[in-house]
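**Q** Got structure.cif for you, mmCIF, C-alpha atoms:
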```cif
data_model
#
loop_
_atom_site.group_PDB
_atom_site.id
_atom_site.type_symbol
_atom_site.label_atom_id
_atom_site.label_comp_id
_atom_site.auth_asym_id
_atom_site.auth_seq_id
_atom_site.Cartn_x
_atom_site.Cartn_y
_atom_site.Cartn_z
ATOM 1 C CA MET A 1206 34.153 43.518 49.607
ATOM 2 C CA GLU A 1207 37.836 43.729 48.695
ATOM 3 C CA ILE A 1208 39.969 40.769 47.587
ATOM 4 C CA GLU A 1209 43.724 41.332 47.775
ATOM 5 C CA PRO A 1210 45.951 38.480 46.527
ATOM 6 C CA ILE A 1211 48.779 37.502 48.876
ATOM 7 C CA THR A 1212 50.840 36.219 45.942
ATOM 8 C CA PRO A 1213 49.923 35.899 42.242
ATOM 9 C CA HIS A 1214 49.577 32.139 42.711
ATOM 10 C CA LEU A 1215 48.295 31.481 46.224
ATOM 11 C CA GLY A 1216 46.167 33.085 48.904
ATOM 12 C CA ALA A 1217 43.953 36.156 49.252
ATOM 13 C CA GLN A 1218 43.020 38.576 52.012
ATOM 14 C CA ILE A 1219 39.329 39.388 52.173
ATOM 15 C CA GLN A 1220 37.978 42.624 53.617
ATOM 16 C CA GLY A 1221 34.298 43.417 54.042
ATOM 17 C CA PHE A 1222 32.926 39.857 54.127
ATOM 18 C CA ASP A 1223 31.176 39.021 57.418
ATOM 19 C CA LEU A 1224 31.368 35.247 57.888
ATOM 20 C CA ARG A 1225 28.353 35.385 60.192
ATOM 21 C CA ASP A 1226 26.226 36.146 57.111
ATOM 22 C CA ILE A 1227 26.424 33.144 54.809
ATOM 23 C CA SER A 1228 23.065 33.252 53.068
ATOM 24 C CA ASN A 1229 22.752 31.245 49.869
ATOM 25 C CA GLY A 1230 24.357 33.668 47.426
ATOM 26 C CA ARG A 1231 27.199 34.553 49.771
ATOM 27 C CA ALA A 1232 27.850 30.885 50.538
ATOM 28 C CA GLU A 1233 28.337 30.151 46.836
ATOM 29 C CA HIS A 1234 30.653 33.145 46.509
ATOM 30 C CA LEU A 1235 32.660 31.851 49.475
ATOM 31 C CA LYS A 1236 33.018 28.431 47.828
ATOM 32 C CA ASP A 1237 34.191 30.013 44.572
ATOM 33 C CA MET A 1238 36.842 32.099 46.347
ATOM 34 C CA PHE A 1239 37.990 29.040 48.274
ATOM 35 C CA VAL A 1240 38.611 26.994 45.117
ATOM 36 C CA GLU A 1241 40.290 29.883 43.298
ATOM 37 C CA HIS A 1242 42.664 31.091 46.032
ATOM 38 C CA ARG A 1243 42.944 27.976 48.261
ATOM 39 C CA VAL A 1244 43.982 30.106 51.253
ATOM 40 C CA LEU A 1245 41.513 32.781 52.411
ATOM 41 C CA VAL A 1246 42.346 35.290 55.146
ATOM 42 C CA PHE A 1247 39.351 37.120 56.598
ATOM 43 C CA ARG A 1248 40.016 40.151 58.787
ATOM 44 C CA ASP A 1249 37.870 41.790 61.486
ATOM 45 C CA GLN A 1250 35.637 38.783 62.120
ATOM 46 C CA LYS A 1251 33.529 38.250 65.250
ATOM 47 C CA LEU A 1252 32.808 34.531 65.161
ATOM 48 C CA ASP A 1253 31.782 32.536 68.186
ATOM 49 C CA ARG A 1254 32.083 28.761 68.188
ATOM 50 C CA ASP A 1255 28.628 28.123 66.727
ATOM 51 C CA ALA A 1256 29.170 30.622 63.909
ATOM 52 C CA HIS A 1257 32.599 29.111 63.262
ATOM 53 C CA LYS A 1258 31.028 25.680 62.830
ATOM 54 C CA SER A 1259 28.297 27.110 60.604
ATOM 55 C CA VAL A 1260 30.938 28.442 58.211
ATOM 56 C CA GLY A 1261 32.501 24.979 58.072
ATOM 57 C CA ARG A 1262 29.164 23.389 57.242
ATOM 58 C CA VAL A 1263 28.909 25.563 54.137
ATOM 59 C CA PHE A 1264 31.455 23.153 52.665
ATOM 60 C CA GLY A 1265 30.132 19.892 54.105
ATOM 61 C CA GLN A 1266 30.045 17.702 57.177
ATOM 62 C CA LEU A 1267 32.467 18.559 59.971
ATOM 63 C CA HIS A 1268 35.354 16.185 60.654
ATOM 64 C CA VAL A 1269 36.203 14.608 64.012
ATOM 65 C CA HIS A 1270 39.952 14.417 64.563
ATOM 66 C CA PRO A 1271 41.229 10.832 65.134
ATOM 67 C CA SER A 1272 42.858 11.895 68.413
ATOM 68 C CA LYS A 1273 39.375 12.594 69.769
ATOM 69 C CA LYS A 1274 38.462 8.960 69.098
ATOM 70 C CA ALA A 1275 41.746 7.247 69.974
ATOM 71 C CA PHE A 1276 42.300 9.083 73.244
ATOM 72 C CA GLU A 1277 38.628 9.640 74.118
ATOM 73 C CA MET A 1278 39.241 13.358 74.514
ATOM 74 C CA LYS A 1279 36.479 15.391 76.107
ATOM 75 C CA GLY A 1280 34.892 18.510 74.678
ATOM 76 C CA ASP A 1281 33.168 19.350 71.420
ATOM 77 C CA PRO A 1282 34.165 16.591 68.965
ATOM 78 C CA GLU A 1283 33.977 19.000 65.995
ATOM 79 C CA ILE A 1284 36.433 21.482 67.535
ATOM 80 C CA PHE A 1285 40.179 20.821 67.435
ATOM 81 C CA LYS A 1286 42.139 23.046 69.796
ATOM 82 C CA VAL A 1287 45.610 24.297 68.929
ATOM 83 C CA ARG A 1288 47.573 25.495 71.917
ATOM 84 C CA ALA A 1289 51.135 26.575 72.620
ATOM 85 C CA GLN A 1290 52.137 27.416 76.182
ATOM 86 C CA ALA A 1291 55.296 28.979 77.565
ATOM 87 C CA ASP A 1292 57.068 25.619 77.856
ATOM 88 C CA THR A 1293 55.761 24.036 74.608
ATOM 89 C CA VAL A 1294 58.576 22.646 72.478
ATOM 90 C CA LYS A 1295 56.654 21.133 69.535
ATOM 91 C CA VAL A 1296 53.561 23.110 68.628
ATOM 92 C CA ASN A 1297 50.515 21.944 66.701
ATOM 93 C CA GLY A 1298 51.402 22.118 63.025
ATOM 94 C CA GLY A 1299 55.077 22.745 63.699
ATOM 95 C CA ARG A 1300 56.248 21.016 60.535
ATOM 96 C CA TRP A 1301 54.953 20.912 56.964
ATOM 97 C CA HIS A 1302 51.792 18.837 56.650
ATOM 98 C CA MET A 1303 48.330 18.356 55.227
ATOM 99 C CA ASP A 1304 45.797 17.817 58.011
ATOM 100 C CA VAL A 1305 45.228 14.127 58.794
ATOM 101 C CA SER A 1306 46.381 12.802 55.415
ATOM 102 C CA CYS A 1307 46.673 9.399 57.142
ATOM 103 C CA GLU A 1308 42.930 8.806 56.789
ATOM 104 C CA GLU A 1309 41.349 6.960 53.878
ATOM 105 C CA ASN A 1310 39.340 10.109 53.157
ATOM 106 C CA PRO A 1311 41.515 13.074 54.232
ATOM 107 C CA PRO A 1312 39.800 16.354 55.108
ATOM 108 C CA ALA A 1313 38.826 18.771 52.343
ATOM 109 C CA GLY A 1314 39.701 21.913 54.273
ATOM 110 C CA SER A 1315 40.171 23.602 57.622
ATOM 111 C CA ILE A 1316 39.094 26.895 59.197
ATOM 112 C CA LEU A 1317 41.091 28.338 62.105
ATOM 113 C CA ARG A 1318 40.441 31.256 64.432
ATOM 114 C CA LEU A 1319 42.774 32.278 67.243
ATOM 115 C CA LEU A 1320 41.405 33.083 70.695
ATOM 116 C CA LYS A 1321 44.757 34.191 72.105
ATOM 117 C CA LEU A 1322 47.614 35.633 70.037
ATOM 118 C CA PRO A 1323 51.240 36.253 70.961
ATOM 119 C CA PRO A 1324 52.252 39.936 70.792
ATOM 120 C CA HIS A 1325 54.576 39.194 67.860
ATOM 121 C CA GLY A 1326 55.246 36.277 65.508
ATOM 122 C CA GLY A 1327 53.184 33.126 65.098
ATOM 123 C CA ASP A 1328 52.668 33.373 61.326
ATOM 124 C CA THR A 1329 51.330 30.435 59.323
ATOM 125 C CA VAL A 1330 53.001 29.581 56.000
ATOM 126 C CA PHE A 1331 51.216 27.743 53.183
ATOM 127 C CA CYS A 1332 52.674 25.904 50.183
ATOM 128 C CA ASP A 1333 50.960 25.399 46.826
ATOM 129 C CA MET A 1334 51.203 21.662 46.139
ATOM 130 C CA THR A 1335 50.179 21.941 42.491
ATOM 131 C CA ARG A 1336 53.083 24.291 41.775
ATOM 132 C CA ALA A 1337 55.288 22.075 43.945
ATOM 133 C CA PHE A 1338 54.639 19.251 41.485
ATOM 134 C CA GLU A 1339 54.812 21.403 38.359
ATOM 135 C CA THR A 1340 58.215 22.884 39.298
ATOM 136 C CA LEU A 1341 59.858 19.454 39.509
ATOM 137 C CA SER A 1342 61.784 18.207 36.468
ATOM 138 C CA ALA A 1343 59.941 16.079 33.925
ATOM 139 C CA PRO A 1344 61.875 12.870 34.775
ATOM 140 C CA VAL A 1345 61.020 13.232 38.462
ATOM 141 C CA GLN A 1346 57.374 13.979 37.649
ATOM 142 C CA HIS A 1347 57.084 10.830 35.526
ATOM 143 C CA MET A 1348 58.631 8.724 38.294
ATOM 144 C CA LEU A 1349 56.275 10.103 40.951
ATOM 145 C CA LEU A 1350 53.179 9.361 38.869
ATOM 146 C CA GLU A 1351 53.883 5.655 39.303
ATOM 147 C CA LEU A 1352 54.261 5.740 43.086
ATOM 148 C CA GLU A 1353 52.129 5.385 46.205
ATOM 149 C CA ALA A 1354 53.050 6.346 49.751
ATOM 150 C CA CYS A 1355 51.946 5.259 53.221
ATOM 151 C CA HIS A 1356 50.582 8.001 55.482
ATOM 152 C CA ASP A 1357 50.690 6.934 59.141
ATOM 153 C CA GLY A 1358 49.061 8.838 61.988
ATOM 154 C CA GLU A 1359 51.484 7.335 64.477
ATOM 155 C CA ARG A 1360 54.324 9.144 62.699
ATOM 156 C CA ASP A 1361 52.654 12.394 63.708
ATOM 157 C CA LEU A 1362 52.101 11.179 67.266
ATOM 158 C CA ARG A 1363 55.738 10.128 67.652
ATOM 159 C CA TRP A 1364 56.868 13.629 66.740
ATOM 160 C CA TYR A 1365 54.879 14.933 69.700
ATOM 161 C CA GLY A 1366 56.217 12.162 71.953
ATOM 162 C CA LEU A 1367 52.903 10.280 72.076
ATOM 163 C CA THR A 1368 52.265 6.552 71.708
ATOM 164 C CA PRO A 1369 48.794 4.960 71.555
ATOM 165 C CA ASN A 1370 48.043 2.174 73.997
ATOM 166 C CA PRO A 1371 47.654 -1.343 72.530
ATOM 167 C CA ASP A 1372 43.859 -0.992 72.594
ATOM 168 C CA GLN A 1373 43.909 2.376 70.803
ATOM 169 C CA THR A 1374 43.972 2.648 67.016
ATOM 170 C CA TYR A 1375 45.178 5.491 64.820
ATOM 171 C CA PRO A 1376 44.612 5.679 61.054
ATOM 172 C CA SER A 1377 47.125 4.689 58.399
ATOM 173 C CA TRP A 1378 46.474 4.659 54.657
ATOM 174 C CA THR A 1379 48.269 4.452 51.316
ATOM 175 C CA HIS A 1380 47.627 7.198 48.742
ATOM 176 C CA PRO A 1381 49.064 8.041 45.303
ATOM 177 C CA VAL A 1382 52.064 10.353 45.487
ATOM 178 C CA VAL A 1383 50.424 12.634 42.910
ATOM 179 C CA VAL A 1384 46.656 13.020 43.245
ATOM 180 C CA ALA A 1385 44.013 14.939 41.325
ATOM 181 C CA HIS A 1386 42.251 17.837 42.980
ATOM 182 C CA PRO A 1387 38.609 16.682 42.993
ATOM 183 C CA LEU A 1388 37.223 19.996 41.701
ATOM 184 C CA THR A 1389 39.891 21.359 39.357
ATOM 185 C CA GLY A 1390 41.517 18.138 38.145
ATOM 186 C CA LYS A 1391 44.955 19.701 38.695
ATOM 187 C CA PRO A 1392 47.875 17.590 39.958
ATOM 188 C CA VAL A 1393 48.720 17.816 43.658
ATOM 189 C CA LEU A 1394 51.946 16.523 45.199
ATOM 190 C CA PHE A 1395 50.494 14.460 48.046
ATOM 191 C CA VAL A 1396 53.317 13.692 50.467
ATOM 192 C CA ASN A 1397 54.086 15.606 53.645
ATOM 193 C CA GLU A 1398 56.605 15.465 56.450
ATOM 194 C CA GLY A 1399 53.955 15.259 59.146
ATOM 195 C CA PHE A 1400 52.293 12.024 58.041
ATOM 196 C CA THR A 1401 54.066 10.375 55.071
ATOM 197 C CA GLU A 1402 56.102 7.460 56.417
ATOM 198 C CA GLU A 1403 57.407 5.699 53.300
ATOM 199 C CA ILE A 1404 57.074 5.104 49.567
ATOM 200 C CA ALA A 1405 55.378 1.771 48.911
ATOM 201 C CA ASP A 1406 57.376 -1.123 47.401
ATOM 202 C CA MET A 1407 60.761 0.547 47.903
ATOM 203 C CA SER A 1408 63.714 -0.097 50.156
ATOM 204 C CA TYR A 1409 64.104 2.151 53.170
ATOM 205 C CA ASP A 1410 67.030 4.020 51.601
ATOM 206 C CA GLU A 1411 65.237 4.553 48.282
ATOM 207 C CA SER A 1412 62.078 5.750 50.006
ATOM 208 C CA ARG A 1413 63.939 8.033 52.388
ATOM 209 C CA SER A 1414 65.957 9.626 49.573
ATOM 210 C CA ILE A 1415 62.866 10.442 47.512
ATOM 211 C CA LEU A 1416 60.842 11.733 50.454
ATOM 212 C CA ASP A 1417 63.705 13.828 51.805
ATOM 213 C CA MET A 1418 64.122 15.405 48.368
ATOM 214 C CA LEU A 1419 60.407 16.214 48.146
ATOM 215 C CA PHE A 1420 60.185 17.522 51.715
ATOM 216 C CA ALA A 1421 63.169 19.814 51.044
ATOM 217 C CA HIS A 1422 61.568 21.017 47.792
ATOM 218 C CA ILE A 1423 58.420 22.006 49.712
ATOM 219 C CA ALA A 1424 60.211 23.669 52.622
ATOM 220 C CA ARG A 1425 62.975 25.497 50.757
ATOM 221 C CA ALA A 1426 61.085 27.073 47.867
ATOM 222 C CA PRO A 1427 59.600 30.398 49.066
ATOM 223 C CA GLY A 1428 58.234 31.006 45.575
ATOM 224 C CA LEU A 1429 55.714 28.208 46.183
ATOM 225 C CA GLN A 1430 54.512 29.712 49.449
ATOM 226 C CA CYS A 1431 52.407 32.471 50.968
ATOM 227 C CA ARG A 1432 52.611 33.739 54.537
ATOM 228 C CA VAL A 1433 49.740 34.795 56.801
ATOM 229 C CA THR A 1434 50.206 37.150 59.748
ATOM 230 C CA TRP A 1435 47.544 36.858 62.404
ATOM 231 C CA GLU A 1436 45.685 39.806 63.902
ATOM 232 C CA PRO A 1437 42.783 39.943 66.384
ATOM 233 C CA GLY A 1438 39.636 38.900 64.520
ATOM 234 C CA THR A 1439 41.472 36.994 61.766
ATOM 235 C CA VAL A 1440 39.956 33.761 60.434
ATOM 236 C CA VAL A 1441 41.934 31.658 57.958
ATOM 237 C CA MET A 1442 40.579 28.820 55.833
ATOM 238 C CA TRP A 1443 42.606 26.601 53.525
ATOM 239 C CA ASP A 1444 42.024 23.876 50.962
ATOM 240 C CA ASN A 1445 43.623 20.804 52.540
ATOM 241 C CA ARG A 1446 43.472 19.023 49.161
ATOM 242 C CA ALA A 1447 45.701 21.652 47.544
ATOM 243 C CA VAL A 1448 48.095 23.154 50.106
ATOM 244 C CA GLN A 1449 50.318 22.238 53.022
ATOM 245 C CA HIS A 1450 50.895 24.509 55.999
ATOM 246 C CA PHE A 1451 53.450 25.184 58.704
ATOM 247 C CA ALA A 1452 52.827 26.988 62.011
ATOM 248 C CA VAL A 1453 55.888 29.101 62.839
ATOM 249 C CA HIS A 1454 56.816 28.844 66.521
ATOM 250 C CA ASP A 1455 58.878 31.996 66.962
ATOM 251 C CA TYR A 1456 56.961 33.558 69.851
ATOM 252 C CA ALA A 1457 58.078 31.588 72.943
ATOM 253 C CA PRO A 1458 57.603 32.106 75.853
ATOM 254 C CA HIS A 1459 54.308 33.703 74.832
ATOM 255 C CA GLU A 1460 51.166 31.610 74.459
ATOM 256 C CA ARG A 1461 48.842 30.969 71.543
ATOM 257 C CA LEU A 1462 45.373 29.373 71.560
ATOM 258 C CA GLY A 1463 43.015 28.656 68.710
ATOM 259 C CA GLU A 1464 40.133 26.506 67.564
ATOM 260 C CA ARG A 1465 39.879 24.746 64.216
ATOM 261 C CA VAL A 1466 36.986 23.146 62.401
ATOM 262 C CA THR A 1467 37.763 20.738 59.600
ATOM 263 C CA ILE A 1468 35.623 19.616 56.673
ATOM 264 C CA VAL A 1469 35.138 15.979 55.712
ATOM 265 C CA GLY A 1470 36.591 15.142 52.287
ATOM 266 C CA GLN A 1471 34.571 14.052 49.260
ATOM 267 C CA GLY A 1472 36.294 10.682 48.986
ATOM 268 C CA PRO A 1473 39.717 9.038 48.868
ATOM 269 C CA PRO A 1474 42.322 10.868 46.749
ATOM 270 C CA MET A 1475 42.571 9.584 43.184
ATOM 271 C CA ALA A 1476 45.763 9.311 41.147
ATOM 272 C CA TRP A 1477 46.299 12.210 38.751
ATOM 273 C CA LYS A 1478 46.311 11.645 35.007
ATOM 274 C CA PRO A 1479 46.998 14.411 32.463
ATOM 275 C CA GLU A 1480 43.544 14.088 30.911
ATOM 276 C CA LEU A 1481 41.969 15.169 34.231
ATOM 277 C CA LEU A 1482 43.002 18.760 33.460
ATOM 278 C CA GLU A 1483 40.050 18.807 31.072
ATOM 279 C CA VAL A 1484 37.584 18.536 34.008
#
```
Write the structure described by the file as structure tokens, please.

**A**
Amino acid sequence: MEIEPITPHLGAQIQGFDLRDISNGRAEHLKDMFVEHRVLVFRDQKLDRDAHKSVGRVFGQLHVHPSKKAFEMKGDPEIFKVRAQADTVKVNGGRWHMDVSCEENPPAGSILRLLKLPPHGGDTVFCDMTRAFETLSAPVQHMLLELEACHDGERDLRWYGLTPNPDQTYPSWTHPVVVAHPLTGKPVLFVNEGFTEEIADMSYDESRSILDMLFAHIARAPGLQCRVTWEPGTVVMWDNRAVQHFAVHDYAPHERLGERVTIVGQGPPMAWKPELLEV
């Protein structure tokens, strides 16, 4: 097996690891690589849907996306399809986000495989949210440690032009703006353009100014990011507690189709405190 870092700080490409073989020792190795690199890119994989789900279960129970419940969508509840057609304007993941951060217990991670790739383009970009926090000035860091923010699933739906019916519910939850990674204890900047609606206990203008500053910091700092180019047989998994991602839609009018499994989190995010680095 070969492990090639994508950047010194984030992501790794893995060659020679067959995800269909996840016996006990290999499963533990997979977990270790996941925590260390946070974005893992596996090449030359031959997963079917059942094998894809088996890889997800190495990390825990599989998550059911709230859209499956709210809109009573048919199909396998543990599979979330991502699809862009020739006339798609706003693709799945087309702005910076952490998957479903609007839930009380956001997902721990996601694993995506593409069934249909465009001939060119369609990269996915990831941002290291620990470094995003650490590269802010000390005064801003201290301010953020005192704050909480509301994450609203309907914000995400509105972006796609969707509105739940009165009898349909979609999750909304308030989380600390800086949370502790549950395994490493490191600080994670936990706001994202896809789901974070407002800073709690602030005026609209105050909240908007802070969030716009943080969203720009995430989007405009390539040094915090790594970029993944898809090839046939590529499977990508990422730590949803540690990174955000952005699906680049630069391949229209070509189509793209994939399936994602997502892992249930270990509990609600907890506010970060400096002493947690000793975990």

**Q** Exactly which residues make up the result of the PyMOL selection byres ((chain A and resi 1462) around 9) on this file, given as a ChimeraX atom specification?

**A** /A:1286-1290,1318-1322,1460-1461,1463-1464

**Q** Would you mind listing what lies within 10 Å of region 1366-1372 of chain A as a PyMOL selection string, with all atoms listed in the file counted and same-chain residues fewer than 3 positions away left out?

**A** chain A and resi 1272+1275-1276+1295+1359-1363+1375

**Q** Go ahead and compute the interatomic distance for CA of Pro1381 (chain A) and CA of Met1418 (chain A), in Å to one decimal.

**A**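 Pair CA of Pro1381 (chain A) / CA of Met1418 (chain A) returns 17.0 Å.
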
**Q** Name the residues in contact with Thr1379 (chain A) at a cut-off of 12 Å, using all atoms listed in the file, excluding same-chain residues fewer than 3 positions from it; report them as a compact mmCIF listing (two decimals) with C-alpha atoms, keeping the file's coordinate frame.

**A**
```txt
# COMPACT_ATOMS: atom_id res chain seq x y z
CA SER A 1306 46.38 12.80 55.42
CA CYS A 1307 46.67 9.40 57.14
CA GLU A 1308 42.93 8.81 56.79
CA GLU A 1309 41.35 6.96 53.88
CA ASN A 1310 39.34 10.11 53.16
CA PRO A 1311 41.52 13.07 54.23
CA LEU A 1352 54.26 5.74 43.09
CA GLU A 1353 52.13 5.38 46.20
CA ALA A 1354 53.05 6.35 49.75
CA CYS A 1355 51.95 5.26 53.22
CA HIS A 1356 50.58 8.00 55.48
CA ASP A 1357 50.69 6.93 59.14
CA GLY A 1358 49.06 8.84 61.99
CA PRO A 1376 44.61 5.68 61.05
CA VAL A 1382 52.06 10.35 45.49
CA VAL A 1383 50.42 12.63 42.91
CA VAL A 1384 46.66 13.02 43.24
CA PHE A 1395 50.49 14.46 48.05
CA VAL A 1396 53.32 13.69 50.47
CA PHE A 1400 52.29 12.02 58.04
CA THR A 1401 54.07 10.38 55.07
CA GLU A 1402 56.10 7.46 56.42
CA GLU A 1403 57.41 5.70 53.30
CA ILE A 1404 57.07 5.10 49.57
CA ALA A 1405 55.38 1.77 48.91
CA ASP A 1406 57.38 -1.12 47.40
CA PRO A 1473 39.72 9.04 48.87
CA PRO A 1474 42.32 10.87 46.75
CA MET A 1475 42.57 9.58 43.18
CA ALA A 1476 45.76 9.31 41.15
```

**Q** Once you count only C-alpha atoms, which residues end up no further than 8 Å from (42.2, 26.4, 54.0) in the file's frame, shown as a list of chain:residue names?

**A**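 So the residues meeting the distance criterion are A:Phe1239, A:Arg1243, A:Val1244, A:Leu1245, A:Gly1314, A:Ser1315, A:Ile1316, A:Val1441, A:Met1442, A:Trp1443, A:Asp1444, A:Asn1445, A:Val1448.
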
**Q** Taking all atoms listed in the file into account, name the residue in A:Asp1333, A:Asp1292, A:Asp1253, A:Asp1417 that is nearest to Lys1391 (chain A).

**A**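 Of the candidates, the smallest distance to Lys1391 (chain A) is held by A:Asp1333.
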
**Q** Just say which residues the PyMOL selection byres ((chain A and resi 1450) around 6) picks in this file, as a PyMOL selection string.

**A** chain A and resi 1301-1302+1330-1331+1449+1451

**Q** Given the point (32.0, 36.4, 57.5) in the coordinates of this file, which residues lie within 9 Å, counting all atoms listed in the file, and how would they look as a list in words?

**A**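 Result, sorted by chain then residue number: Gly1221, Phe1222, Asp1223, Leu1224, Arg1225, Asp1226, Ile1227, Phe1247, Arg1248, Asp1249, Gln1250, Lys1251, Leu1252, Val1260 and Val1440 of chain A.
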
**Q** Determine the axis-aligned bounding box of all atoms of region 1298-1305 of chain A present in the file, pad each side by 4 Å, and express its centre and edge lengths in Å to one decimal place as lines of an AutoDock Vina configuration file.

**A**
```
center_x = 50.7
center_y = 18.4
center_z = 59.5
size_x = 19.0
size_y = 16.6
size_z = 16.5
```

**Q** Expand the PyMOL selection byres ((chain A and resi 1325) around 10) into the explicit residue set it covers here, and present it as a list in words.

**A**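 Output from the PyMOL selection byres ((chain A and resi 1325) around 10), applied to this file: Leu1322, Pro1323, Pro1324, Gly1326, Gly1327, Asp1328, Thr1434, Trp1435, Glu1436, Asp1455, Tyr1456, Ala1457 and His1459 of chain A.
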
**Q** Could you check how far CA of Pro1437 (chain A) sits from CA of Val1246 (chain A), in Å to one decimal?

**A**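 These two atoms are separated by 12.2 Å.
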
**Q** Do you have the CA of Ala1452 (chain A)-CA of Phe1285 (chain A) distance handy?

**A**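 Between CA of Ala1452 (chain A) and CA of Phe1285 (chain A) the gap is 15.1 Å.
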
**Q** With distances taken over all atoms listed in the file, which of A:Leu1349, A:Lys1236, A:Met1334, A:Tyr1365 is nearest to Val1294 (chain A)?

**A**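 Selected residue with least distance to Val1294 (chain A): A:Tyr1365.
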
**Q** Could you check which of A:Tyr1409, A:Trp1378, A:Trp1477, A:Phe1264 is closest to Gly1390 (chain A), using all atoms listed in the file?

**A**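 The shortest atom-to-atom distance to Gly1390 (chain A) comes from A:Trp1477.
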
**Q** For Ile1423 (chain A), please output as an mmCIF file with C-alpha atoms, in the coordinates of the input all residues within 8 Å (counting all atoms listed in the file; exclusion window: fewer than 5 positions along the same chain).

**A**
```cif
data_model
loop_
_atom_site.group_PDB
_atom_site.id
_atom_site.type_symbol
_atom_site.label_atom_id
_atom_site.label_comp_id
_atom_site.auth_asym_id
_atom_site.auth_seq_id
_atom_site.Cartn_x
_atom_site.Cartn_y
_atom_site.Cartn_z
ATOM 1 C CA CYS A 1332 52.674 25.904 50.183
ATOM 2 C CA ALA A 1337 55.288 22.075 43.945
ATOM 3 C CA LEU A 1429 55.714 28.208 46.183
#
```

**Q** My list of candidates is A:Gln1373, A:Gln1346, A:Asn1297, A:Gln1266. Which is closest to Pro1479 (chain A) when distances are computed with all atoms listed in the file?

**A**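 Among A:Gln1373, A:Gln1346, A:Asn1297, A:Gln1266, it is A:Gln1346 that comes nearest to Pro1479 (chain A).
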
**Q** Restricting the calculation to only C-alpha atoms, which member of A:Gly1298, A:Gly1230, A:Gly1428, A:Gly1399 is positioned closest to Pro1213 (chain A)?

**A** A:Gly1428

**Q** Under the rule that only C-alpha atoms are counted, which of A:Ala1313, A:Ala1256, A:Val1240, A:Val1263 is the nearest residue to Ile1468 (chain A)?

**A** A:Ala1313

**Q** So that I can check the surroundings of Pro1210 (chain A), please list as a ChimeraX atom specification every protein, DNA and RNA residue that reaches within 12 Å of it, counting all atoms listed in the file and ignoring chain neighbours fewer than 2 positions away.

**A** /A:1207-1208,1212-1220,1238,1241-1246,1431-1433
